[in-house]
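Take a look at the structure below.
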Amino acid sequence: MPLQSKDILVVTDPAALSTTVSLVLGAGGARGLAHIGVIRWLLGNGYTIGSIAGSSMGALVGGIYAAGKLDAYADWVVSLERREIRQLLDWAFGRSGLIKGERIMGALRELVGEHRIEDLPVSYTAVAMDIASGKEVWLRKGSLFDAIRASIAIPLVVTPFLDGERRLIDGGVVNPVPIAPTLNDTTDMTVAVSLGGRAMPGGGRAQVVPPDASPEMAPGYRERIRDFIGGLMGGTSNEPAAPGMVSIALASMESMQNTIARLKLAAYSPDVMVEIPRNACGFGEFWRAAEMIALGEEITARAFARAGRAAGGAQ
């Protein structure tokens with residue numbers, strides 16, 4: 001029997017048939033580059049990202065994706081060498097943090113352009129913490145890069161962000177895998193990415209980018225500053241590697257974040273949980289971008305296979 005016109009489904013928007021995802025991207029330094037691989041796997045397998053919530057590096061990668069510049073960012077970060085990464089660090093030499101963060105934010109603004117969150121095609125939330133109140137803050141409007149800057153203000157490392165009268169710091173302190181901002185979404189499923197997964201054999205130890213002082217300083221002063229900060233981070237190049245003040249603080253914060261994340265995830269369980277091993281790379285090893293992106297894709301594929309989901313969300 002021939003089909004009647006009423007029996008024919010006309011699809012004007014192919015995305016209408018795909019599974020929509022609320023994507024939650026966690027905190028964890030350079031391991032957050034794996035978020036790029038997660039997003040690429042989702043898009044490459046027929047999923048549509050309808051909402052993003054992120055803390056710290058998750059807020060950064062998620063915001064850049066929402067602005068439509070993820071490929072440009074991935075190409076840029078993969079090309080960075082250790083020397084270039086050090087040049088992006090602008091030392092604060094103050095009590096509130098080692099790095100001001102203005103140089104890296106300037107580079108990202110030049111790469112991505114200015115955007116307002118409310119104008120993005122994807123619903124976006126960056127999570128930060130108000131130092132004075134200790135409360136979680138959801139940034140859902142205003143400058144995209146102001147929200148990112150607030151969410152990546154790692155205690156001791158990056159200076160807090162002043163938002164009006166509020167001083168905001170890294171959202172990972174209070175909510176490392178922020179599912180709560182997505183609870184009212186109308187998407188088909190929630191995918192959460194934790195950067196504090198079970199350690200894998202042969203992983204790297206947590207560390208920060210080896211510091212160096214700005215080139216405009218006098219040589220003697222530059223060396224003294226480098227050696228001082230090197231001691232805080234974990235020793236100098238002339239002595240055996242040992243955890244320094246900042247390395248110990250970061251390791252302690254990561255342990256705390258992993259505990260908080262487990263508690264939060266027990267309350268808000270996602271449909272698919274992607275867990276990047278906590279020792280996949282050091283906290284500041286951004287020169288391992290290509291490796292982290294590939295790892296993100298690989299672990300996402302495994303997580304969806306375990307959850308019994310296939311391309312486009314087919315069961």
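Numbering starts fresh at 1 for the residues of each chain in the structure tokens, the chains themselves are lettered A, B, ... in the order given, and ligands are numbered from 1 as they appear.
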
Could you name the residues that touch Ser151 (chain A) at 10 Å or less, counting only C-alpha atoms, but leaving out those on the same chain fewer than 3 positions away, as a PyMOL selection string?
chain A and resi 27+54-60+126-129+137-139+145-148+154+160-161+168-173

Could you tell me how far CA of Trp76 (chain A) sits from CA of Glu110 (chain A), in Å to one decimal place?
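Interatomic distance, CA of Glu110 (chain A) to CA of Trp76 (chain A): 11.7 Å.
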
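Using only C-alpha atoms, the nearest neighbour of Ile293 (chain A) within the list A:Ala34, A:Val21, A:Leu183, A:Met105 is A:Ala34.
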
Expressed in Å, the length from CA of Ser96 (chain A) to CA of Gln257 (chain A) is 20.5 Å

Residue list (alpha helix (DSSP H), DSSP) for region 109-219 of chain A, as an MDAnalysis selection string:
chainID A and resid 109:112 144:151 219

Applying 8 Å and only C-alpha atoms, which residues near Leu156 (chain A) remain after dropping the ones on its own chain fewer than 2 positions away? List them as a PDB file with all heavy atoms, in the first residue's frame.
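This is the output file part22.pdb:
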```pdb
ATOM      1  N   SER A  96      47.192  37.876  47.807  1.00  0.00           N
ATOM      2  CA  SER A  96      45.967  37.158  47.449  1.00  0.00           C
ATOM      3  C   SER A  96      46.163  36.108  46.359  1.00  0.00           C
ATOM      4  O   SER A  96      45.230  35.385  46.025  1.00  0.00           O
ATOM      5  CB  SER A  96      44.887  38.153  47.006  1.00  0.00           C
ATOM      6  OG  SER A  96      45.322  38.884  45.879  1.00  0.00           O
ATOM      7  N   GLY A  97      47.357  36.002  45.795  1.00  0.00           N
ATOM      8  CA  GLY A  97      47.602  35.008  44.761  1.00  0.00           C
ATOM      9  C   GLY A  97      48.907  35.274  44.043  1.00  0.00           C
ATOM     10  O   GLY A  97      49.421  36.391  44.056  1.00  0.00           O
ATOM     11  N   LEU A  98      49.456  34.243  43.405  1.00  0.00           N
ATOM     12  CA  LEU A  98      50.722  34.378  42.691  1.00  0.00           C
ATOM     13  C   LEU A  98      50.548  35.000  41.310  1.00  0.00           C
ATOM     14  O   LEU A  98      51.437  35.687  40.817  1.00  0.00           O
ATOM     15  CB  LEU A  98      51.383  33.009  42.539  1.00  0.00           C
ATOM     16  CG  LEU A  98      51.890  32.329  43.815  1.00  0.00           C
ATOM     17  CD1 LEU A  98      52.375  30.923  43.480  1.00  0.00           C
ATOM     18  CD2 LEU A  98      53.000  33.144  44.462  1.00  0.00           C
ATOM     19  N   ILE A 154      41.887  30.151  41.260  1.00  0.00           N
ATOM     20  CA  ILE A 154      42.340  29.093  42.165  1.00  0.00           C
ATOM     21  C   ILE A 154      42.978  29.712  43.405  1.00  0.00           C
ATOM     22  O   ILE A 154      43.892  30.528  43.287  1.00  0.00           O
ATOM     23  CB  ILE A 154      43.372  28.190  41.467  1.00  0.00           C
ATOM     24  CG1 ILE A 154      42.795  27.644  40.159  1.00  0.00           C
ATOM     25  CG2 ILE A 154      43.815  27.060  42.374  1.00  0.00           C
ATOM     26  CD1 ILE A 154      43.855  27.084  39.243  1.00  0.00           C
ATOM     27  N   VAL A 158      45.748  32.026  41.647  1.00  0.00           N
ATOM     28  CA  VAL A 158      45.204  33.129  40.846  1.00  0.00           C
ATOM     29  C   VAL A 158      44.448  34.072  41.773  1.00  0.00           C
ATOM     30  O   VAL A 158      43.653  33.631  42.609  1.00  0.00           O
ATOM     31  CB  VAL A 158      44.268  32.601  39.738  1.00  0.00           C
ATOM     32  CG1 VAL A 158      43.742  33.757  38.893  1.00  0.00           C
ATOM     33  CG2 VAL A 158      44.985  31.581  38.857  1.00  0.00           C
ATOM     34  N   THR A 159      44.675  35.366  41.628  1.00  0.00           N
ATOM     35  CA  THR A 159      44.031  36.338  42.504  1.00  0.00           C
ATOM     36  C   THR A 159      42.513  36.303  42.346  1.00  0.00           C
ATOM     37  O   THR A 159      42.006  36.007  41.262  1.00  0.00           O
ATOM     38  CB  THR A 159      44.528  37.763  42.198  1.00  0.00           C
ATOM     39  OG1 THR A 159      44.283  38.063  40.819  1.00  0.00           O
ATOM     40  CG2 THR A 159      46.018  37.885  42.483  1.00  0.00           C
ATOM     41  N   VAL A 246      52.801  25.562  47.568  1.00  0.00           N
ATOM     42  CA  VAL A 246      51.650  25.627  46.682  1.00  0.00           C
ATOM     43  C   VAL A 246      51.237  24.241  46.213  1.00  0.00           C
ATOM     44  O   VAL A 246      50.044  23.925  46.116  1.00  0.00           O
ATOM     45  CB  VAL A 246      51.943  26.550  45.484  1.00  0.00           C
ATOM     46  CG1 VAL A 246      50.795  26.515  44.483  1.00  0.00           C
ATOM     47  CG2 VAL A 246      52.160  27.975  45.973  1.00  0.00           C
TER      48      VAL A 246
END
```

Between CA of Ile131 (chain A) and CA of Arg167 (chain A), measure the distance and give it in Å to one decimal.
5.9 Å

Among region 9-210 of chain A, which ones does DSSP assign to strand (DSSP E) (computed from the backbone)? Answer as a PyMOL selection string.
chain A and resi 20-25+48-55+123-130+136-139+161-163+166-170+189-197

Rank A:Ser123, A:Val157, A:Lys141, A:Ile152 by their smallest atom-to-atom distance to Trp91 (chain A), using only C-alpha atoms, and report the top residue only.
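Among the listed residues, A:Val157 lies closest to Trp91 (chain A).
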
Restricting the calculation to only C-alpha atoms, which member of A:Ser269, A:Thr182, A:Ser22, A:Thr300 is positioned closest to Thr48 (chain A)?
A:Ser22
